[in-house]
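**Q** The structure file query-v4.pdb (PDB, C-alpha atoms and all ligand atoms) is provided below.
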ATOM      1  CA  MET A   1       0.393 -38.817  55.293  1.00  0.00           C
ATOM      2  CA  ARG A   2      -2.124 -41.442  54.223  1.00  0.00           C
ATOM      3  CA  ILE A   3      -2.380 -45.014  55.535  1.00  0.00           C
ATOM      4  CA  ASP A   4      -4.660 -47.557  53.821  1.00  0.00           C
ATOM      5  CA  ILE A   5      -5.399 -50.667  55.870  1.00  0.00           C
ATOM      6  CA  ILE A   6      -6.761 -53.786  54.134  1.00  0.00           C
ATOM      7  CA  THR A   7      -8.571 -56.266  56.399  1.00  0.00           C
ATOM      8  CA  VAL A   8     -11.368 -58.827  56.640  1.00  0.00           C
ATOM      9  CA  LEU A   9     -12.336 -57.234  59.984  1.00  0.00           C
ATOM     10  CA  PRO A  10     -12.732 -53.463  59.408  1.00  0.00           C
ATOM     11  CA  GLU A  11     -14.977 -53.239  62.472  1.00  0.00           C
ATOM     12  CA  MET A  12     -11.970 -54.162  64.615  1.00  0.00           C
ATOM     13  CA  ILE A  13      -9.850 -51.229  63.391  1.00  0.00           C
ATOM     14  CA  GLU A  14     -12.358 -48.441  62.674  1.00  0.00           C
ATOM     15  CA  PRO A  15     -13.245 -47.526  66.271  1.00  0.00           C
ATOM     16  CA  PHE A  16      -9.579 -47.557  67.273  1.00  0.00           C
ATOM     17  CA  ILE A  17      -8.456 -45.089  64.617  1.00  0.00           C
ATOM     18  CA  GLN A  18     -11.186 -42.575  65.543  1.00  0.00           C
ATOM     19  CA  GLU A  19      -9.956 -42.256  69.134  1.00  0.00           C
ATOM     20  CA  SER A  20      -7.296 -40.257  70.948  1.00  0.00           C
ATOM     21  CA  ILE A  21      -4.211 -39.122  69.072  1.00  0.00           C
ATOM     22  CA  LEU A  22      -5.051 -40.969  65.833  1.00  0.00           C
ATOM     23  CA  GLY A  23      -8.504 -39.375  65.766  1.00  0.00           C
ATOM     24  CA  ARG A  24      -7.153 -35.910  66.525  1.00  0.00           C
ATOM     25  CA  ALA A  25      -4.381 -36.188  63.924  1.00  0.00           C
ATOM     26  CA  GLN A  26      -7.025 -36.921  61.296  1.00  0.00           C
ATOM     27  CA  LYS A  27      -9.263 -34.052  62.413  1.00  0.00           C
ATOM     28  CA  LYS A  28      -6.243 -31.705  62.206  1.00  0.00           C
ATOM     29  CA  GLY A  29      -5.599 -32.987  58.654  1.00  0.00           C
ATOM     30  CA  LEU A  30      -2.134 -34.319  59.546  1.00  0.00           C
ATOM     31  CA  ALA A  31      -2.988 -37.951  58.761  1.00  0.00           C
ATOM     32  CA  GLU A  32      -5.624 -39.864  56.829  1.00  0.00           C
ATOM     33  CA  ILE A  33      -6.384 -43.475  57.659  1.00  0.00           C
ATOM     34  CA  HIS A  34      -8.662 -45.487  55.370  1.00  0.00           C
ATOM     35  CA  VAL A  35      -9.867 -48.986  56.164  1.00  0.00           C
ATOM     36  CA  HIS A  36     -10.853 -51.315  53.305  1.00  0.00           C
ATOM     37  CA  ASN A  37     -12.964 -54.422  53.705  1.00  0.00           C
ATOM     38  CA  LEU A  38     -11.269 -57.130  51.668  1.00  0.00           C
ATOM     39  CA  ARG A  39     -14.649 -58.780  51.036  1.00  0.00           C
ATOM     40  CA  ASP A  40     -15.690 -55.767  48.920  1.00  0.00           C
ATOM     41  CA  TYR A  41     -13.059 -56.804  46.386  1.00  0.00           C
ATOM     42  CA  THR A  42     -13.794 -60.501  45.918  1.00  0.00           C
ATOM     43  CA  THR A  43     -15.458 -61.814  42.746  1.00  0.00           C
ATOM     44  CA  ASP A  44     -16.888 -64.720  44.799  1.00  0.00           C
ATOM     45  CA  LYS A  45     -20.664 -64.487  44.974  1.00  0.00           C
ATOM     46  CA  HIS A  46     -20.667 -65.568  48.628  1.00  0.00           C
ATOM     47  CA  ARG A  47     -18.012 -62.914  49.426  1.00  0.00           C
ATOM     48  CA  ARG A  48     -15.529 -65.592  50.458  1.00  0.00           C
ATOM     49  CA  VAL A  49     -11.891 -64.529  50.462  1.00  0.00           C
ATOM     50  CA  ASP A  50     -10.209 -67.716  51.759  1.00  0.00           C
ATOM     51  CA  ASP A  51      -9.593 -71.272  50.577  1.00  0.00           C
ATOM     52  CA  TYR A  52      -7.704 -74.449  51.526  1.00  0.00           C
ATOM     53  CA  PRO A  53      -3.909 -74.482  51.078  1.00  0.00           C
ATOM     54  CA  PHE A  54      -2.428 -76.685  48.351  1.00  0.00           C
ATOM     55  CA  GLY A  55      -0.464 -79.635  49.723  1.00  0.00           C
ATOM     56  CA  GLY A  56      -2.925 -80.395  52.501  1.00  0.00           C
ATOM     57  CA  ALA A  57      -1.637 -78.111  55.295  1.00  0.00           C
ATOM     58  CA  ALA A  58      -4.134 -77.230  58.029  1.00  0.00           C
ATOM     59  CA  GLY A  59      -5.951 -73.875  58.119  1.00  0.00           C
ATOM     60  CA  MET A  60      -7.262 -71.484  55.490  1.00  0.00           C
ATOM     61  CA  LEU A  61      -5.456 -68.891  53.371  1.00  0.00           C
ATOM     62  CA  ILE A  62      -6.583 -65.541  51.974  1.00  0.00           C
ATOM     63  CA  GLN A  63      -6.642 -65.850  48.188  1.00  0.00           C
ATOM     64  CA  CYS A  64      -4.724 -63.778  45.628  1.00  0.00           C
ATOM     65  CA  GLN A  65      -7.724 -62.308  43.763  1.00  0.00           C
ATOM     66  CA  PRO A  66      -9.294 -60.021  46.398  1.00  0.00           C
ATOM     67  CA  LEU A  67      -5.890 -58.782  47.618  1.00  0.00           C
ATOM     68  CA  ASP A  68      -4.701 -58.148  44.060  1.00  0.00           C
ATOM     69  CA  ALA A  69      -7.966 -56.327  43.252  1.00  0.00           C
ATOM     70  CA  CYS A  70      -7.785 -54.103  46.331  1.00  0.00           C
ATOM     71  CA  ILE A  71      -4.078 -53.250  45.979  1.00  0.00           C
ATOM     72  CA  THR A  72      -4.463 -52.615  42.226  1.00  0.00           C
ATOM     73  CA  ALA A  73      -7.441 -50.310  42.815  1.00  0.00           C
ATOM     74  CA  LEU A  74      -5.501 -48.307  45.423  1.00  0.00           C
ATOM     75  CA  LYS A  75      -2.364 -48.097  43.262  1.00  0.00           C
ATOM     76  CA  ALA A  76      -4.466 -46.739  40.382  1.00  0.00           C
ATOM     77  CA  GLU A  77      -5.399 -43.787  42.606  1.00  0.00           C
ATOM     78  CA  ARG A  78      -1.943 -42.772  43.872  1.00  0.00           C
ATOM     79  CA  HIS A  79       1.673 -43.826  44.296  1.00  0.00           C
ATOM     80  CA  TYR A  80       2.455 -45.906  47.386  1.00  0.00           C
ATOM     81  CA  ASP A  81       5.857 -45.683  49.059  1.00  0.00           C
ATOM     82  CA  GLU A  82       5.425 -49.024  50.831  1.00  0.00           C
ATOM     83  CA  ILE A  83       2.998 -51.933  50.623  1.00  0.00           C
ATOM     84  CA  ILE A  84       3.414 -53.612  53.966  1.00  0.00           C
ATOM     85  CA  PHE A  85       2.261 -57.075  54.990  1.00  0.00           C
ATOM     86  CA  THR A  86       1.917 -57.776  58.708  1.00  0.00           C
ATOM     87  CA  ALA A  87       3.701 -61.077  59.296  1.00  0.00           C
ATOM     88  CA  PRO A  88       5.196 -62.790  62.355  1.00  0.00           C
ATOM     89  CA  ASP A  89       8.229 -63.726  60.218  1.00  0.00           C
ATOM     90  CA  GLY A  90       8.775 -60.137  59.000  1.00  0.00           C
ATOM     91  CA  GLU A  91      11.281 -57.437  59.972  1.00  0.00           C
ATOM     92  CA  LYS A  92      10.798 -56.474  63.640  1.00  0.00           C
ATOM     93  CA  PHE A  93       8.865 -53.213  64.097  1.00  0.00           C
ATOM     94  CA  ASP A  94      10.626 -50.617  66.269  1.00  0.00           C
ATOM     95  CA  GLN A  95      10.843 -46.862  66.867  1.00  0.00           C
ATOM     96  CA  PRO A  96      13.321 -46.128  64.041  1.00  0.00           C
ATOM     97  CA  MET A  97      10.966 -47.897  61.616  1.00  0.00           C
ATOM     98  CA  ALA A  98       7.999 -45.900  62.948  1.00  0.00           C
ATOM     99  CA  ASN A  99       9.992 -42.666  62.493  1.00  0.00           C
ATOM    100  CA  GLU A 100      11.013 -43.666  58.967  1.00  0.00           C
ATOM    101  CA  LEU A 101       7.483 -44.645  57.902  1.00  0.00           C
ATOM    102  CA  SER A 102       6.071 -41.399  59.329  1.00  0.00           C
ATOM    103  CA  LEU A 103       8.059 -39.535  56.650  1.00  0.00           C
ATOM    104  CA  GLN A 104       6.299 -41.385  53.820  1.00  0.00           C
ATOM    105  CA  GLU A 105       3.421 -39.949  51.834  1.00  0.00           C
ATOM    106  CA  ASN A 106       1.253 -43.063  51.285  1.00  0.00           C
ATOM    107  CA  ILE A 107       1.487 -46.565  52.688  1.00  0.00           C
ATOM    108  CA  ILE A 108      -0.698 -49.674  52.584  1.00  0.00           C
ATOM    109  CA  ILE A 109      -0.833 -52.106  55.510  1.00  0.00           C
ATOM    110  CA  ILE A 110      -2.313 -55.541  54.788  1.00  0.00           C
ATOM    111  CA  CYS A 111      -3.700 -57.645  57.617  1.00  0.00           C
ATOM    112  CA  GLY A 112      -3.441 -61.379  57.180  1.00  0.00           C
ATOM    113  CA  HIS A 113      -5.967 -63.696  58.802  1.00  0.00           C
ATOM    114  CA  TYR A 114      -6.535 -67.436  59.275  1.00  0.00           C
ATOM    115  CA  LYS A 115      -3.276 -69.202  58.299  1.00  0.00           C
ATOM    116  CA  GLY A 116      -2.081 -66.121  56.363  1.00  0.00           C
ATOM    117  CA  ILE A 117      -2.189 -65.113  52.687  1.00  0.00           C
ATOM    118  CA  ASP A 118      -1.274 -66.809  49.388  1.00  0.00           C
ATOM    119  CA  TYR A 119       2.517 -66.504  49.147  1.00  0.00           C
ATOM    120  CA  ARG A 120       2.357 -65.126  45.583  1.00  0.00           C
ATOM    121  CA  ILE A 121       1.038 -61.806  46.933  1.00  0.00           C
ATOM    122  CA  ARG A 122       4.108 -61.617  49.172  1.00  0.00           C
ATOM    123  CA  GLU A 123       6.361 -62.433  46.222  1.00  0.00           C
ATOM    124  CA  HIS A 124       4.860 -59.979  43.753  1.00  0.00           C
ATOM    125  CA  LEU A 125       3.035 -57.103  45.434  1.00  0.00           C
ATOM    126  CA  ILE A 126       4.445 -56.588  48.924  1.00  0.00           C
ATOM    127  CA  THR A 127       7.432 -54.256  49.406  1.00  0.00           C
ATOM    128  CA  ARG A 128       7.975 -54.868  53.118  1.00  0.00           C
ATOM    129  CA  GLU A 129       6.974 -57.454  55.728  1.00  0.00           C
ATOM    130  CA  VAL A 130       6.704 -56.336  59.332  1.00  0.00           C
ATOM    131  CA  SER A 131       6.279 -58.219  62.622  1.00  0.00           C
ATOM    132  CA  ILE A 132       5.333 -56.550  65.896  1.00  0.00           C
ATOM    133  CA  GLY A 133       6.988 -59.292  67.953  1.00  0.00           C
ATOM    134  CA  ASP A 134       7.845 -62.961  68.249  1.00  0.00           C
ATOM    135  CA  TYR A 135       4.358 -64.294  68.932  1.00  0.00           C
ATOM    136  CA  VAL A 136       1.458 -65.230  66.698  1.00  0.00           C
ATOM    137  CA  LEU A 137      -1.748 -63.181  66.613  1.00  0.00           C
ATOM    138  CA  THR A 138      -5.061 -64.293  65.123  1.00  0.00           C
ATOM    139  CA  GLY A 139      -4.892 -61.566  62.516  1.00  0.00           C
ATOM    140  CA  GLY A 140      -2.867 -58.547  61.416  1.00  0.00           C
ATOM    141  CA  GLU A 141      -5.430 -56.032  62.720  1.00  0.00           C
ATOM    142  CA  LEU A 142      -3.738 -55.434  66.076  1.00  0.00           C
ATOM    143  CA  ALA A 143      -0.363 -55.197  64.338  1.00  0.00           C
ATOM    144  CA  ALA A 144      -1.740 -52.621  61.864  1.00  0.00           C
ATOM    145  CA  ALA A 145      -3.255 -50.648  64.764  1.00  0.00           C
ATOM    146  CA  VAL A 146       0.038 -50.712  66.683  1.00  0.00           C
ATOM    147  CA  MET A 147       1.947 -49.543  63.624  1.00  0.00           C
ATOM    148  CA  ALA A 148      -0.520 -46.796  62.652  1.00  0.00           C
ATOM    149  CA  ASP A 149      -0.561 -45.476  66.226  1.00  0.00           C
ATOM    150  CA  SER A 150       3.200 -45.257  66.631  1.00  0.00           C
ATOM    151  CA  ILE A 151       3.745 -43.885  63.094  1.00  0.00           C
ATOM    152  CA  VAL A 152       1.126 -41.142  63.376  1.00  0.00           C
ATOM    153  CA  ARG A 153       2.172 -39.922  66.835  1.00  0.00           C
ATOM    154  CA  VAL A 154       5.611 -38.905  65.535  1.00  0.00           C
ATOM    155  CA  ILE A 155       4.256 -36.839  62.621  1.00  0.00           C
ATOM    156  CA  PRO A 156       5.211 -33.230  63.485  1.00  0.00           C
ATOM    157  CA  GLY A 157       2.243 -31.384  64.963  1.00  0.00           C
ATOM    158  CA  VAL A 158       0.322 -34.500  66.033  1.00  0.00           C
ATOM    159  CA  ILE A 159       1.443 -34.378  69.647  1.00  0.00           C
ATOM    160  CA  GLY A 160       1.094 -30.766  70.755  1.00  0.00           C
ATOM    161  CA  ASP A 161       4.500 -30.783  72.384  1.00  0.00           C
ATOM    162  CA  VAL A 162       7.112 -31.984  69.856  1.00  0.00           C
ATOM    163  CA  GLU A 163       9.602 -32.381  72.695  1.00  0.00           C
ATOM    164  CA  SER A 164       7.271 -34.862  74.344  1.00  0.00           C
ATOM    165  CA  ALA A 165       7.281 -37.319  71.413  1.00  0.00           C
ATOM    166  CA  LEU A 166      11.028 -36.998  71.015  1.00  0.00           C
ATOM    167  CA  SER A 167      11.769 -37.610  74.698  1.00  0.00           C
ATOM    168  CA  ASP A 168       9.855 -40.901  74.851  1.00  0.00           C
ATOM    169  CA  SER A 169      11.676 -44.161  75.461  1.00  0.00           C
ATOM    170  CA  PHE A 170      13.664 -45.486  72.453  1.00  0.00           C
ATOM    171  CA  GLN A 171      13.834 -42.159  70.612  1.00  0.00           C
ATOM    172  CA  ASP A 172      17.421 -41.557  71.727  1.00  0.00           C
ATOM    173  CA  ASN A 173      18.306 -45.139  72.743  1.00  0.00           C
ATOM    174  CA  LEU A 174      17.501 -44.180  76.330  1.00  0.00           C
ATOM    175  CA  LEU A 175      14.485 -45.212  78.350  1.00  0.00           C
ATOM    176  CA  GLU A 176      12.387 -42.453  79.846  1.00  0.00           C
ATOM    177  CA  PRO A 177      13.496 -41.057  83.238  1.00  0.00           C
ATOM    178  CA  PRO A 178      10.969 -41.325  86.114  1.00  0.00           C
ATOM    179  CA  VAL A 179       8.084 -38.867  85.635  1.00  0.00           C
ATOM    180  CA  TYR A 180       5.679 -37.431  88.246  1.00  0.00           C
ATOM    181  CA  THR A 181       2.599 -35.207  88.385  1.00  0.00           C
ATOM    182  CA  ARG A 182       0.711 -33.390  91.159  1.00  0.00           C
ATOM    183  CA  PRO A 183       0.508 -33.610  94.136  1.00  0.00           C
ATOM    184  CA  ALA A 184       4.182 -33.308  95.076  1.00  0.00           C
ATOM    185  CA  ALA A 185       3.471 -35.163  98.332  1.00  0.00           C
ATOM    186  CA  TYR A 186       1.097 -38.116  98.032  1.00  0.00           C
ATOM    187  CA  HIS A 187      -0.274 -40.070 101.005  1.00  0.00           C
ATOM    188  CA  PRO A 188      -1.109 -43.643  99.999  1.00  0.00           C
ATOM    189  CA  ILE A 189      -4.533 -45.069 100.875  1.00  0.00           C
ATOM    190  CA  SER A 190      -3.005 -48.045 102.683  1.00  0.00           C
ATOM    191  CA  ASN A 191      -1.035 -45.753 105.059  1.00  0.00           C
ATOM    192  CA  PRO A 192      -2.032 -42.059 105.095  1.00  0.00           C
ATOM    193  CA  ASN A 193       0.842 -41.237 107.481  1.00  0.00           C
ATOM    194  CA  GLU A 194       3.334 -42.203 104.842  1.00  0.00           C
ATOM    195  CA  THR A 195       4.449 -39.720 102.173  1.00  0.00           C
ATOM    196  CA  TRP A 196       5.425 -40.595  98.624  1.00  0.00           C
ATOM    197  CA  ALA A 197       7.507 -37.576  97.641  1.00  0.00           C
ATOM    198  CA  VAL A 198       8.554 -36.305  94.227  1.00  0.00           C
ATOM    199  CA  PRO A 199      12.367 -35.892  93.971  1.00  0.00           C
ATOM    200  CA  ASP A 200      13.239 -32.385  95.246  1.00  0.00           C
ATOM    201  CA  ILE A 201      15.259 -31.520  92.183  1.00  0.00           C
ATOM    202  CA  LEU A 202      12.109 -31.564  89.997  1.00  0.00           C
ATOM    203  CA  LEU A 203      10.521 -28.917  92.223  1.00  0.00           C
ATOM    204  CA  SER A 204      13.628 -26.712  92.304  1.00  0.00           C
ATOM    205  CA  GLY A 205      12.883 -24.797  89.088  1.00  0.00           C
ATOM    206  CA  HIS A 206      16.555 -25.182  88.158  1.00  0.00           C
ATOM    207  CA  GLU A 207      16.242 -26.173  84.490  1.00  0.00           C
ATOM    208  CA  ALA A 208      19.848 -27.175  83.767  1.00  0.00           C
ATOM    209  CA  LYS A 209      20.103 -29.283  86.922  1.00  0.00           C
ATOM    210  CA  ILE A 210      16.755 -30.942  86.150  1.00  0.00           C
ATOM    211  CA  LYS A 211      17.916 -31.856  82.627  1.00  0.00           C
ATOM    212  CA  GLU A 212      21.120 -33.329  84.074  1.00  0.00           C
ATOM    213  CA  TRP A 213      19.162 -35.333  86.656  1.00  0.00           C
ATOM    214  CA  GLU A 214      16.759 -36.630  83.970  1.00  0.00           C
ATOM    215  CA  TYR A 215      19.655 -37.706  81.784  1.00  0.00           C
ATOM    216  CA  GLU A 216      21.387 -39.523  84.658  1.00  0.00           C
ATOM    217  CA  LYS A 217      18.174 -41.312  85.639  1.00  0.00           C
ATOM    218  CA  ALA A 218      17.446 -42.273  82.029  1.00  0.00           C
ATOM    219  CA  LEU A 219      20.944 -43.690  81.717  1.00  0.00           C
ATOM    220  CA  GLU A 220      20.631 -45.536  85.033  1.00  0.00           C
ATOM    221  CA  ARG A 221      17.286 -47.118  84.041  1.00  0.00           C
ATOM    222  CA  THR A 222      18.583 -48.059  80.588  1.00  0.00           C
ATOM    223  CA  LYS A 223      21.696 -49.707  82.079  1.00  0.00           C
ATOM    224  CA  ALA A 224      19.546 -51.672  84.512  1.00  0.00           C
ATOM    225  CA  LEU A 225      16.640 -52.611  82.243  1.00  0.00           C
ATOM    226  CA  ARG A 226      17.837 -52.512  78.631  1.00  0.00           C
ATOM    227  CA  PRO A 227      21.662 -52.540  78.492  1.00  0.00           C
ATOM    228  CA  ASP A 228      21.376 -53.780  74.883  1.00  0.00           C
ATOM    229  CA  LEU A 229      20.223 -50.274  73.837  1.00  0.00           C
ATOM    230  CA  LEU A 230      23.546 -48.776  74.956  1.00  0.00           C
ATOM    231  CA  LYS A 231      25.787 -51.117  72.972  1.00  0.00           C
ATOM    232  CA  ASP A 232      26.567 -48.690  70.187  1.00  0.00           C
TER
HETATM  233  N1  LIG B   1       0.776 -69.088  59.588  1.00  0.00           N
HETATM  234  C1  LIG B   1       1.419 -67.873  59.905  1.00  0.00           C
HETATM  235  C2  LIG B   1       0.712 -67.130  61.052  1.00  0.00           C
HETATM  236  C3  LIG B   1      -0.667 -66.667  60.665  1.00  0.00           C
HETATM  237  S1  LIG B   1      -1.382 -65.659  61.879  1.00  0.00           S
HETATM  238  C4  LIG B   1       2.872 -68.159  60.333  1.00  0.00           C
HETATM  239  O1  LIG B   1       3.150 -69.231  60.820  1.00  0.00           O
HETATM  240  O2  LIG B   1       3.708 -67.270  60.184  1.00  0.00           O
HETATM  241  C5  LIG B   1      -2.527 -64.757  60.927  1.00  0.00           C
HETATM  242  C6  LIG B   1      -2.100 -63.375  60.505  1.00  0.00           C
HETATM  243  O3  LIG B   1      -1.934 -62.569  61.666  1.00  0.00           O
HETATM  244  C7  LIG B   1      -0.793 -63.265  59.766  1.00  0.00           C
HETATM  245  O4  LIG B   1      -0.947 -63.496  58.391  1.00  0.00           O
HETATM  246  C8  LIG B   1      -0.370 -61.836  60.046  1.00  0.00           C
HETATM  247  O5  LIG B   1      -0.977 -60.928  59.149  1.00  0.00           O
HETATM  248  C9  LIG B   1      -0.939 -61.584  61.432  1.00  0.00           C
HETATM  249  N2  LIG B   1       0.076 -61.724  62.504  1.00  0.00           N
HETATM  250  C10 LIG B   1       0.172 -62.710  63.401  1.00  0.00           C
HETATM  251  N3  LIG B   1       1.194 -62.518  64.251  1.00  0.00           N
HETATM  252  C11 LIG B   1       1.781 -61.347  63.899  1.00  0.00           C
HETATM  253  C12 LIG B   1       2.895 -60.601  64.398  1.00  0.00           C
HETATM  254  N4  LIG B   1       3.623 -61.020  65.425  1.00  0.00           N
HETATM  255  N5  LIG B   1       3.194 -59.438  63.789  1.00  0.00           N
HETATM  256  C13 LIG B   1       2.472 -58.999  62.727  1.00  0.00           C
HETATM  257  N6  LIG B   1       1.406 -59.659  62.215  1.00  0.00           N
HETATM  258  C14 LIG B   1       1.057 -60.822  62.788  1.00  0.00           C
END
Starting from the coordinates I provided, produce the structure as structure tokens.
**A**
Amino acid sequence: MRIDIITVLPEMIEPFIQESILGRAQKKGLAEIHVHNLRDYTTDKHRRVDDYPFGGAAGMLIQCQPLDACITALKAERHYDEIIFTAPDGEKFDQPMANELSLQENIIIICGHYKGIDYRIREHLITREVSIGDYVLTGGELAAAVMADSIVRVIPGVIGDVESALSDSFQDNLLEPPVYTRPAAYHPISNPNETWAVPDILLSGHEAKIKEWEYEKALERTKALRPDLLKD
């Protein structure tokens, strides 16, 4: 799949998308992420993309022209399944949305900045508005990075072990069970006589019993921490 990110701060996103799973997914040819500098699309000779809002509200707004020019140029190249605007008042981003978007061919994610963008772009060009939570960020760059990361990691083949992505919290409405790695007996620095042990069952090699234990623990943690996930 291909994700095009439109931003006034490409330098904030570019290093992030080269790293870790996003970087590897691109090297494997499973995802393509392109970052576009909105200032390359303005007709303003000083490369300005913002102006004062009508009506005297405080703050600055990104203007229609550069956004329209960038979106139009991208749409001339290929069909986009979604043109997403990152917005604190949008639909709340979650795992089902990440799964759904990972099945798309091409999407655009637009990062707002300052006070936001001219509302006419939202009315005419945007197909979906997405918030990553009920708080206000300085710009949409972190939201776009969060979305790209969680979308790309569920593309089949991106995480070596498919089971691993599918067993993460939220994928089945259950939080993850407790997980441990070596050593099986750990002696903490503050008290080397003490032992922090891994539950015996995980060392037993008994696959069916381990699965049962993991399910029970996942259920127990979900009931305690996120009972809302179990409602339906
Ligand atoms: N005036 C706007 C907030 C602007 S914040 C309002 O009251 O709704 C500047 C930009 O940061 C926004 O245009 C949006 O692109 C991004 N942003 C801020 N908080 C966000 C959030 N919770 N989720 C997604 N994007 C967010």
**Q** Point out the residue among A:Val35, A:Ala98, A:Ile109, A:Ala144 with the least atom-to-atom distance to Ile83 in chain A, counting only C-alpha atoms.
**A**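 Using only C-alpha atoms, Ile83 in chain A sits closest to A:Ile109.
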**Q** Padding of 3 Å on every side, edges along x, y and z, all listed atoms of ligand LIG 1 (chain B) included: what centre and edge lengths in Å, to one decimal, does that box have, as AutoDock Vina command-line options?
**A**
--center_x 0.6 --center_y -64.1 --center_z 61.9 --size_x 12.2 --size_y 16.2 --size_z 13.0
**Q** Hey, which of A:Leu38, A:Cys64, A:Leu142, A:Ile71 ends up closest to ligand LIG 1 (chain B)? Count only C-alpha atoms and all ligand atoms.
**A**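 Nearest candidate to ligand LIG 1 (chain B) out of A:Leu38, A:Cys64, A:Leu142, A:Ile71: A:Leu142.
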**Q** Starting from the PyMOL selection byres (((chain A and resi 69) around 12) and not hetatm), expand the selection into actual residues of this file and give them as a list in words.
**A**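 That expression, the PyMOL selection byres (((chain A and resi 69) around 12) and not hetatm), corresponds here to Ile6, His36, Asn37, Leu38, Arg39, Asp40, Tyr41, Thr42, Thr43, Val49, Gln63, Cys64, Gln65, Pro66, Leu67, Asp68, Cys70, Ile71, Thr72, Ala73, Leu74, Lys75, Ala76, Ile121 and Leu125 of chain A.
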**Q** Mind telling me what the PyMOL selection byres (((chain A and resi 20-25) around 8) and not hetatm) catches here, as a VMD selection string?
**A** chain A and resid 17 to 19 26 to 31 149 152 to 153 158 to 159
**Q** What's around range 194-202 of chain A at 8 Å? Count only C-alpha atoms, leave out sequence neighbours fewer than 5 positions away in its own chain, and write the answer as a list in words.
**A**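 Returned residues: Tyr180, Ala184, Ala185, Tyr186, His187, Pro188, Lys209, Ile210 and Trp213 of chain A.
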**Q** Calculate how many Å separate CA of Ala208 in chain A from CA of Gly157 in chain A, rounding to one decimal.
**A**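 For CA of Ala208 in chain A relative to CA of Gly157 in chain A, the distance reads 26.1 Å.
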